[in-house]
$ cat model33.cif   # mmCIF, C-alpha atoms
data_data
loop_
_atom_site.label_atom_id
_atom_site.label_comp_id
_atom_site.auth_asym_id
_atom_site.auth_seq_id
_atom_site.Cartn_x
_atom_site.Cartn_y
_atom_site.Cartn_z
CA MET A 1 -176.96 49.65 90.51
CA HIS A 2 -173.64 51.48 90.09
CA GLU A 3 -174.89 53.29 87.01
CA LYS A 4 -177.48 55.02 89.20
CA GLN A 5 -174.77 56.25 91.58
CA ILE A 6 -172.47 57.83 88.99
CA ALA A 7 -174.23 61.22 88.96
CA THR A 8 -174.08 61.53 92.74
CA LEU A 9 -170.42 60.51 92.87
CA LYS A 10 -169.61 62.96 90.08
CA HIS A 11 -171.15 65.89 91.94
CA ILE A 12 -169.40 64.96 95.19
CA ALA A 13 -166.10 64.79 93.29
CA LEU A 14 -166.71 68.15 91.56
CA MET A 15 -167.32 69.74 94.95
CA GLY A 16 -163.89 68.56 96.11
CA GLY A 17 -164.77 65.27 97.73
CA VAL A 18 -162.10 63.15 96.05
CA HIS A 19 -159.16 63.58 98.41
CA ASP A 20 -160.80 65.57 101.22
CA TYR A 21 -164.05 65.53 103.14
CA ILE A 22 -166.65 68.10 102.11
CA ALA A 23 -169.36 69.39 104.44
CA ILE A 24 -172.73 68.99 102.77
CA SER A 25 -176.23 68.35 104.05
CA SER A 26 -178.80 66.10 102.44
CA ARG A 27 -180.79 69.21 101.53
CA GLU A 28 -177.79 70.78 99.77
CA LEU A 29 -177.03 67.58 97.89
CA GLY A 30 -180.67 67.32 96.92
CA ASN A 31 -180.57 70.84 95.49
CA VAL A 32 -177.51 69.98 93.42
CA LEU A 33 -179.09 66.77 92.12
CA GLU A 34 -182.52 68.39 91.77
CA ILE A 35 -184.18 65.81 94.00
CA SER A 36 -185.87 65.93 97.39
CA GLN A 37 -183.96 65.98 100.68
CA GLN A 38 -185.33 62.52 101.47
CA SER A 39 -184.12 61.11 98.15
CA ALA A 40 -180.69 62.69 98.64
CA SER A 41 -180.44 61.20 102.13
CA LYS A 42 -181.34 57.79 100.69
CA LYS A 43 -178.63 58.14 98.03
CA ILE A 44 -176.03 58.92 100.68
CA LEU A 45 -177.01 55.81 102.63
CA GLU A 46 -176.85 53.71 99.45
CA LEU A 47 -173.37 55.01 98.64
CA LEU A 48 -172.25 54.27 102.19
CA GLY A 49 -173.70 50.78 102.00
CA GLU A 50 -171.83 50.05 98.79
CA GLY A 51 -168.56 51.40 100.16
CA LEU A 52 -168.41 54.19 97.58
CA ILE A 53 -168.17 57.07 100.08
CA GLU A 54 -167.04 57.65 103.65
CA ARG A 55 -168.96 59.82 106.11
CA ASP A 56 -167.89 61.73 109.19
CA LEU A 57 -170.78 62.84 111.40
CA GLY A 58 -169.35 65.97 112.98
CA ALA A 59 -170.88 68.03 115.74
CA ARG A 60 -172.50 70.42 113.28
CA ARG A 61 -172.60 68.92 109.79
CA GLN A 62 -171.93 65.64 108.07
CA ARG A 63 -168.82 65.43 105.93
CA ILE A 64 -168.41 62.96 103.07
CA LYS A 65 -165.79 61.99 100.53
CA LEU A 66 -165.27 59.31 97.89
CA THR A 67 -163.55 56.06 98.81
CA ASP A 68 -160.98 54.49 96.51
CA LYS A 69 -163.76 52.23 95.27
CA GLY A 70 -165.94 55.22 94.46
CA PHE A 71 -163.12 57.01 92.66
CA ASP A 72 -162.30 53.88 90.66
CA LEU A 73 -165.93 53.70 89.55
CA LEU A 74 -165.77 57.29 88.28
CA ARG A 75 -162.48 56.60 86.55
CA LYS A 76 -163.96 53.60 84.75
CA GLU A 77 -166.88 55.76 83.62
CA TYR A 78 -164.43 58.35 82.30
CA SER A 79 -162.52 55.65 80.45
CA ASP A 80 -165.70 54.39 78.80
CA TYR A 81 -166.72 57.88 77.64
CA GLN A 82 -163.22 58.57 76.43
CA ARG A 83 -163.42 55.52 74.22
CA ILE A 84 -166.73 56.77 72.81
CA PHE A 85 -165.85 60.41 72.17
CA GLU A 86 -162.07 60.39 71.74
CA MET A 87 -161.45 57.15 69.90
CA LYS A 88 -158.16 57.48 68.07
CA ASP A 89 -155.48 55.25 66.69
CA HIS A 90 -153.07 56.19 69.45
CA LEU A 91 -152.75 57.36 73.05
CA VAL A 92 -150.25 59.79 74.52
CA LEU A 93 -149.06 58.83 78.00
CA ILE A 94 -146.92 61.00 80.26
CA GLY A 95 -144.87 59.10 82.81
CA SER A 96 -141.97 59.61 85.20
CA VAL A 97 -138.95 57.35 84.97
CA THR A 98 -138.62 55.11 88.01
CA SER A 99 -136.37 52.24 89.01
CA GLY A 100 -137.72 48.70 88.99
CA LEU A 101 -136.76 45.58 90.90
CA GLY A 102 -135.21 43.80 87.95
CA GLU A 103 -138.29 41.68 87.28
CA GLY A 104 -138.64 43.13 83.78
CA GLN A 105 -135.18 41.98 82.85
CA TYR A 106 -135.93 38.49 84.14
CA TYR A 107 -139.06 38.16 82.01
CA VAL A 108 -137.67 39.80 78.87
CA ASN A 109 -134.76 37.36 78.98
CA GLN A 110 -137.05 34.33 78.83
CA GLU A 111 -136.40 32.76 75.44
CA ALA A 112 -140.06 31.87 74.82
CA TYR A 113 -141.01 35.52 75.27
CA ALA A 114 -137.99 36.91 73.41
CA ASP A 115 -138.68 34.79 70.32
CA GLN A 116 -142.24 36.11 70.13
CA PHE A 117 -141.09 39.70 70.65
CA GLN A 118 -138.74 39.29 67.70
CA LYS A 119 -141.44 37.78 65.50
CA LYS A 120 -144.39 39.99 66.42
CA LEU A 121 -142.75 43.31 67.33
CA TRP A 122 -139.98 43.12 64.74
CA PHE A 123 -137.18 43.78 67.19
CA LYS A 124 -135.20 41.94 69.83
CA PRO A 125 -135.55 43.83 73.12
CA PHE A 126 -132.63 45.04 75.17
CA GLU A 127 -132.29 42.93 78.31
CA GLY A 128 -134.40 45.06 80.59
CA THR A 129 -137.37 47.42 80.69
CA LEU A 130 -137.90 51.13 81.20
CA ASN A 131 -140.37 51.66 84.03
CA LEU A 132 -142.66 54.68 83.91
CA ARG A 133 -144.91 55.80 86.76
CA LEU A 134 -148.16 57.40 85.64
CA ALA A 135 -149.84 60.22 87.55
CA ASP A 136 -153.53 59.88 88.47
CA PRO A 137 -154.81 61.85 85.43
CA GLU A 138 -153.06 59.37 83.13
CA LEU A 139 -154.51 56.21 84.67
CA PRO A 140 -157.78 56.21 82.69
CA LYS A 141 -155.65 55.96 79.54
CA LEU A 142 -154.00 52.88 81.00
CA ASP A 143 -157.47 51.41 81.49
CA ILE A 144 -158.08 51.95 77.77
CA LEU A 145 -154.92 49.99 76.96
CA ARG A 146 -156.01 47.14 79.20
CA LYS A 147 -159.31 46.94 77.32
CA SER A 148 -157.66 47.13 73.89
CA GLU A 149 -156.63 44.08 71.91
CA GLY A 150 -152.93 44.75 71.53
CA ILE A 151 -150.40 42.24 70.24
CA LEU A 152 -150.65 38.97 72.14
CA ILE A 153 -147.49 37.34 73.42
CA LYS A 154 -148.50 33.88 74.56
CA GLY A 155 -147.54 32.52 77.94
CA PHE A 156 -145.76 29.23 78.61
CA GLU A 157 -144.58 26.88 81.31
CA LYS A 158 -140.97 26.35 82.25
CA GLU A 159 -139.55 24.15 84.98
CA GLY A 160 -142.92 23.94 86.71
CA ARG A 161 -143.46 27.70 86.60
CA THR A 162 -146.23 29.39 84.61
CA PHE A 163 -145.48 32.55 82.64
CA GLY A 164 -148.71 34.31 81.68
CA ASP A 165 -149.92 35.91 78.47
CA VAL A 166 -148.71 39.44 77.75
CA LYS A 167 -150.19 42.20 75.60
CA CYS A 168 -147.89 44.57 73.74
CA PHE A 169 -148.54 47.91 72.07
CA LEU A 170 -146.10 49.46 69.63
CA ALA A 171 -145.00 52.91 70.77
CA THR A 172 -142.37 55.62 70.42
CA ILE A 173 -140.38 57.69 72.90
CA HIS A 174 -138.58 60.66 71.33
CA ASN A 175 -139.04 58.98 67.93
CA MET A 176 -137.38 55.78 69.18
CA GLU A 177 -139.44 52.66 68.43
CA CYS A 178 -140.41 50.64 71.48
CA ALA A 179 -143.39 48.76 72.94
CA VAL A 180 -145.51 48.83 76.08
CA VAL A 181 -145.77 45.46 77.83
CA LEU A 182 -148.87 44.67 79.90
CA PRO A 183 -149.45 41.32 81.62
CA VAL A 184 -152.94 40.11 80.71
CA ARG A 185 -153.59 38.98 84.27
CA SER A 186 -152.13 41.36 86.79
CA HIS A 187 -153.18 43.64 89.61
CA HIS A 188 -153.75 47.21 88.55
CA THR A 189 -150.74 49.45 89.04
CA ASP A 190 -149.57 52.91 88.06
CA ILE A 191 -146.34 51.52 86.57
CA ILE A 192 -145.96 50.56 82.92
CA GLU A 193 -143.00 48.75 81.41
CA VAL A 194 -141.47 49.65 78.07
CA ILE A 195 -139.16 47.47 75.98
CA CYS A 196 -136.88 48.59 73.17
CA LYS A 197 -133.97 47.20 71.19
CA TYR A 198 -131.88 49.98 72.71
CA HIS A 199 -131.04 50.79 76.32
CA LEU A 200 -133.54 53.65 76.64
CA ARG A 201 -132.10 55.16 79.81
CA ARG A 202 -128.65 55.35 78.29
CA SER A 203 -129.73 56.31 74.77
CA LEU A 204 -131.98 59.16 75.96
CA GLY A 205 -129.96 60.14 79.02
CA LEU A 206 -132.86 59.43 81.36
CA LYS A 207 -132.73 59.32 85.14
CA ASP A 208 -135.30 58.66 87.85
CA GLY A 209 -137.90 61.41 88.01
CA ASP A 210 -137.54 62.52 84.38
CA GLN A 211 -140.85 62.89 82.57
CA VAL A 212 -141.23 61.36 79.12
CA GLU A 213 -143.98 61.31 76.53
CA LEU A 214 -144.95 57.90 75.22
CA ILE A 215 -147.02 57.69 72.03
CA VAL A 216 -148.79 54.32 71.98
CA SER A 217 -150.47 52.79 68.91
CA LEU A 218 -153.85 51.14 69.48
#

$ encode --input "model33.cif" --output "structure tokens"
Amino acid sequence: MHEKQIATLKHIALMGGVHDYIAISSRELGNVLEISQQSASKKILELLGEGLIERDLGARRQRIKLTDKGFDLLRKEYSDYQRIFEMKDHLVLIGSVTSGLGEGQYYVNQEAYADQFQKKLWFKPFEGTLNLRLADPELPKLDILRKSEGILIKGFEKEGRTFGDVKCFLATIHNMECAVVLPVRSHHTDIIEVICKYHLRRSLGLKDGDQVELIVSL
């Protein structure tokens, strides 16, 4: 069913309905989609029913915009097309340096992970990760990474606690070799973690808010 809604969502987004409401009648939407007013009205109701748009029935005109669910559906579509038309052996990600909560250091220091990093990535990581926050335009690229095979770092159990599988992708920042680390099972986030045998913040003189370019091998 979602495939049938993509065109409508795309046109709503192109008219500015991603972050703000847009005023548009069923007749106007029908003209854009080249369908009848009745069919356009039905599409709006379908999108509402599936939670893909929100509607505000004002005194004069209805206003609609995409929900997060609707935007995510468009972003997935973009990611799929990007894989078809722009398939390359690498991705370029732009991220802003941000502070973490120390969780990266805790996981990197686990011996069962560290041994696999050494064997499969050919370097022993510094005790910690560089956290990069990706802006919205970069997130479809992160979806591509999640769907790519990567280098599997197997999970393990320790003292009754389960540590899950991790995917790694070799990368470079300012010609320094490093790797992106993605938990196989995790909630989607706009933060990626990077490991390196060097202290990246210190070596590159990075501070929170600095933008860096990360070239990731697929």

$ resolve_selection --input "model33.cif" --expression "the PyMOL selection byres ((chain A and resi 155-170) around 8)" --output "PyMOL selection string"
chain A and resi 112-113+121+149-154+171-172+177-185+216-218

$ resolve_selection --input "model33.cif" --expression "the PyMOL selection byres ((chain A and resi 46-48) around 12)" --output "PyMOL selection string"
chain A and resi 1-9+12+39-45+49-56+64-67+69-70+73

$ residues_around --input "model33.cif" --residues "A:Tyr198" --least-positions-apart "4" --cutoff "8 Å" --atoms "only C-alpha atoms" --output "short mmCIF file (atom, residue, chain, number, x, y, z; two decimals) with C-alpha atoms, in the frame of the given file"
data_model
loop_
_atom_site.label_atom_id
_atom_site.label_comp_id
_atom_site.auth_asym_id
_atom_site.auth_seq_id
_atom_site.Cartn_x
_atom_site.Cartn_y
_atom_site.Cartn_z
CA PRO A 125 -135.55 43.83 73.12
CA PHE A 126 -132.63 45.04 75.17
CA SER A 203 -129.73 56.31 74.77
#

$ resolve_selection --input "model33.cif" --expression "the PyMOL selection byres ((chain A and resi 91-93) around 6)" --output "PyMOL selection string"
chain A and resi 90+94+213-216

$ closest_residue --input "model33.cif" --among "A:Ala13, A:Val194, A:Leu145, A:Leu206" --to "A:Asp80" --atoms "all atoms listed in the file"
A:Leu145
